[in-house]
Amino acid sequence: MVQTDKTAESVAETLKELRGLIGARQPTDVEIKAAKDTLVLTLPGSNETSREVATSYADILTYGLPDSYLNEFVGKVDALSASDLQAAAGKAHSPGCAYLDHRRDVAAIEAPVRKLSLGEVKVLDTDGAVLR
């Protein structure tokens with residue numbers, strides 16, 4: 001979550017970091033540990049209620065993951081290397097294409113985001129129809 005008035009700066013910084021990761025800058029050991037800890041240490045808290053557990057199983061079904069996914073998750077995250085992360089970032093990021101999900105004051109962020117000159121900016125309604 002980002003403050004509305006910091007959205008453009010956050011987008012620019014996120015894209016800069018992602019481009020660096022895809023390029024020559026390998027993530028540091030500290031960055032990798034922080035990312036792994038975030039994924040692993042938040043897992044129990046994200047499965048505390050029956051609704052959260054149901055959501056986890058729905059994700060397993062939706063994405064065709066093995067039944068053992070949650071049991072194997074921690075070990076697989078722990079085994080990730082810097083090169084694994086760079087490869088995944090390269091697959092997940094399409095240069096020139098980004099999606100910003102902002103459900104608040106679009107009028108407050110649209111102009112600053114457009115000023116970043118990132119390319120075409122589209123504003124969609126909740127059904128995905130282009131508004132502008």
# chains A, B, ... in the order shown; residues from 1 in each chain; ligands from 1
$ select_by_dssp --residues "region 13-115 of chain A" --states "alpha helix (DSSP H)" --output "JSON, numbers by chain"
{"A": [13, 14, 15, 16, 17, 18, 19, 20, 21, 22, 29, 30, 31, 32, 33, 34, 35, 36, 37, 38, 39, 40, 41, 50, 51, 52, 53, 54, 55, 56, 57, 58, 59, 60, 61, 62, 69, 70, 71, 72, 73, 74, 75, 76, 77, 78, 79, 82, 83, 84, 85, 86, 87, 88, 89, 90, 91, 92, 106, 107, 108, 109, 110, 111, 112, 113, 114]}
$ closest_atom_pairs --of "region 25-82 of chain A" --to "region 1-18 of chain A" --cutoff "12 Å" --atoms "only C-alpha atoms" --output "Markdown table"
| residue | atom | partner | partner_atom | distance |
| --- | --- | --- | --- | --- |
| A:Arg25 | CA | A:Glu17 | CA | 9.0 |
| A:Gln26 | CA | A:Glu17 | CA | 10.6 |
| A:Pro27 | CA | A:Glu17 | CA | 9.8 |
| A:Glu31 | CA | A:Glu17 | CA | 11.8 |
$ residues_around --residues "region 74-91 of chain A" --least-positions-apart "5" --cutoff "6 Å" --atoms "only C-alpha atoms" --output "list in words"
Leu21, Ile22 and Val40 of chain A
$ write_last_selection --atoms "N, CA, C and O atoms" --output "mmCIF file, in the first residue's frame"
data_model
loop_
_atom_site.group_PDB
_atom_site.id
_atom_site.type_symbol
_atom_site.label_atom_id
_atom_site.label_comp_id
_atom_site.auth_asym_id
_atom_site.auth_seq_id
_atom_site.Cartn_x
_atom_site.Cartn_y
_atom_site.Cartn_z
ATOM 1 N N LEU A 21 17.012 -5.481 -11.664
ATOM 2 C CA LEU A 21 17.051 -6.904 -11.354
ATOM 3 C C LEU A 21 17.097 -7.745 -12.628
ATOM 4 O O LEU A 21 17.803 -8.738 -12.703
ATOM 5 N N ILE A 22 16.361 -7.327 -13.631
ATOM 6 C CA ILE A 22 16.369 -8.042 -14.905
ATOM 7 C C ILE A 22 17.701 -7.842 -15.614
ATOM 8 O O ILE A 22 18.184 -8.708 -16.326
ATOM 9 N N VAL A 40 7.774 -16.564 3.681
ATOM 10 C CA VAL A 40 7.677 -17.712 4.586
ATOM 11 C C VAL A 40 7.031 -17.331 5.920
ATOM 12 O O VAL A 40 6.153 -18.046 6.412
#
$ select_by_dssp --residues "chain A" --states "strand (DSSP E or B)" --output "ChimeraX atom specification"
/A:94,97,124,130
$ atom_distance --atom1 "CA of Asn71 (chain A)" --atom2 "CA of Thr42 (chain A)"
14.5 Å
$ residues_around --residues "region 115-125 of chain A" --least-positions-apart "3" --cutoff "9 Å" --atoms "only C-alpha atoms" --output "number ranges by chain"
A: 8-9, 11-12, 96-98, 106, 110-112, 128-132
$ atom_distance --atom1 "CA of Glu72 (chain A)" --atom2 "CA of Lys36 (chain A)"
14.0 Å
$ residues_around --residues "region 54-62 of chain A" --least-positions-apart "4" --cutoff "12 Å" --atoms "only C-alpha atoms" --output "PyMOL selection string"
chain A and resi 43-50+66-71+73
$ write_last_selection --atoms "N, CA and C atoms" --output "PDB file, in the first residue's frame"
ATOM      1  N   LEU A  43       3.216 -16.779   5.869  1.00  0.00           N
ATOM      2  CA  LEU A  43       2.375 -17.912   5.463  1.00  0.00           C
ATOM      3  C   LEU A  43       1.425 -18.383   6.569  1.00  0.00           C
ATOM      4  N   PRO A  44       1.886 -18.610   7.803  1.00  0.00           N
ATOM      5  CA  PRO A  44       0.940 -19.065   8.831  1.00  0.00           C
ATOM      6  C   PRO A  44      -0.176 -18.057   9.096  1.00  0.00           C
ATOM      7  N   GLY A  45       0.172 -16.785   9.135  1.00  0.00           N
ATOM      8  CA  GLY A  45      -0.830 -15.753   9.404  1.00  0.00           C
ATOM      9  C   GLY A  45      -1.829 -15.581   8.280  1.00  0.00           C
ATOM     10  N   SER A  46      -1.468 -16.042   7.095  1.00  0.00           N
ATOM     11  CA  SER A  46      -2.391 -15.910   5.968  1.00  0.00           C
ATOM     12  C   SER A  46      -3.291 -17.129   5.831  1.00  0.00           C
ATOM     13  N   ASN A  47      -3.207 -18.036   6.786  1.00  0.00           N
ATOM     14  CA  ASN A  47      -4.044 -19.247   6.784  1.00  0.00           C
ATOM     15  C   ASN A  47      -4.624 -19.506   8.173  1.00  0.00           C
ATOM     16  N   GLU A  48      -5.039 -18.445   8.850  1.00  0.00           N
ATOM     17  CA  GLU A  48      -5.549 -18.593  10.213  1.00  0.00           C
ATOM     18  C   GLU A  48      -7.042 -18.883  10.272  1.00  0.00           C
ATOM     19  N   THR A  49      -7.794 -18.332   9.348  1.00  0.00           N
ATOM     20  CA  THR A  49      -9.244 -18.530   9.385  1.00  0.00           C
ATOM     21  C   THR A  49      -9.650 -19.555   8.330  1.00  0.00           C
ATOM     22  N   SER A  50     -10.840 -20.083   8.501  1.00  0.00           N
ATOM     23  CA  SER A  50     -11.325 -21.060   7.516  1.00  0.00           C
ATOM     24  C   SER A  50     -11.448 -20.412   6.136  1.00  0.00           C
ATOM     25  N   PRO A  66       0.178 -28.663  -7.250  1.00  0.00           N
ATOM     26  CA  PRO A  66       0.025 -29.983  -6.620  1.00  0.00           C
ATOM     27  C   PRO A  66      -0.586 -29.851  -5.225  1.00  0.00           C
ATOM     28  N   ASP A  67      -1.244 -30.923  -4.781  1.00  0.00           N
ATOM     29  CA  ASP A  67      -1.842 -30.918  -3.441  1.00  0.00           C
ATOM     30  C   ASP A  67      -0.805 -30.640  -2.355  1.00  0.00           C
ATOM     31  N   SER A  68       0.433 -30.977  -2.618  1.00  0.00           N
ATOM     32  CA  SER A  68       1.518 -30.810  -1.641  1.00  0.00           C
ATOM     33  C   SER A  68       2.124 -29.402  -1.654  1.00  0.00           C
ATOM     34  N   TYR A  69       1.546 -28.494  -2.433  1.00  0.00           N
ATOM     35  CA  TYR A  69       2.127 -27.157  -2.623  1.00  0.00           C
ATOM     36  C   TYR A  69       2.451 -26.457  -1.298  1.00  0.00           C
ATOM     37  N   LEU A  70       1.487 -26.373  -0.410  1.00  0.00           N
ATOM     38  CA  LEU A  70       1.726 -25.647   0.846  1.00  0.00           C
ATOM     39  C   LEU A  70       2.760 -26.347   1.718  1.00  0.00           C
ATOM     40  N   ASN A  71       2.796 -27.671   1.668  1.00  0.00           N
ATOM     41  CA  ASN A  71       3.788 -28.413   2.454  1.00  0.00           C
ATOM     42  C   ASN A  71       5.198 -28.196   1.916  1.00  0.00           C
ATOM     43  N   PHE A  73       6.182 -25.445   0.099  1.00  0.00           N
ATOM     44  CA  PHE A  73       6.419 -24.030  -0.181  1.00  0.00           C
ATOM     45  C   PHE A  73       7.684 -23.494   0.485  1.00  0.00           C
TER      46      PHE A  73
END
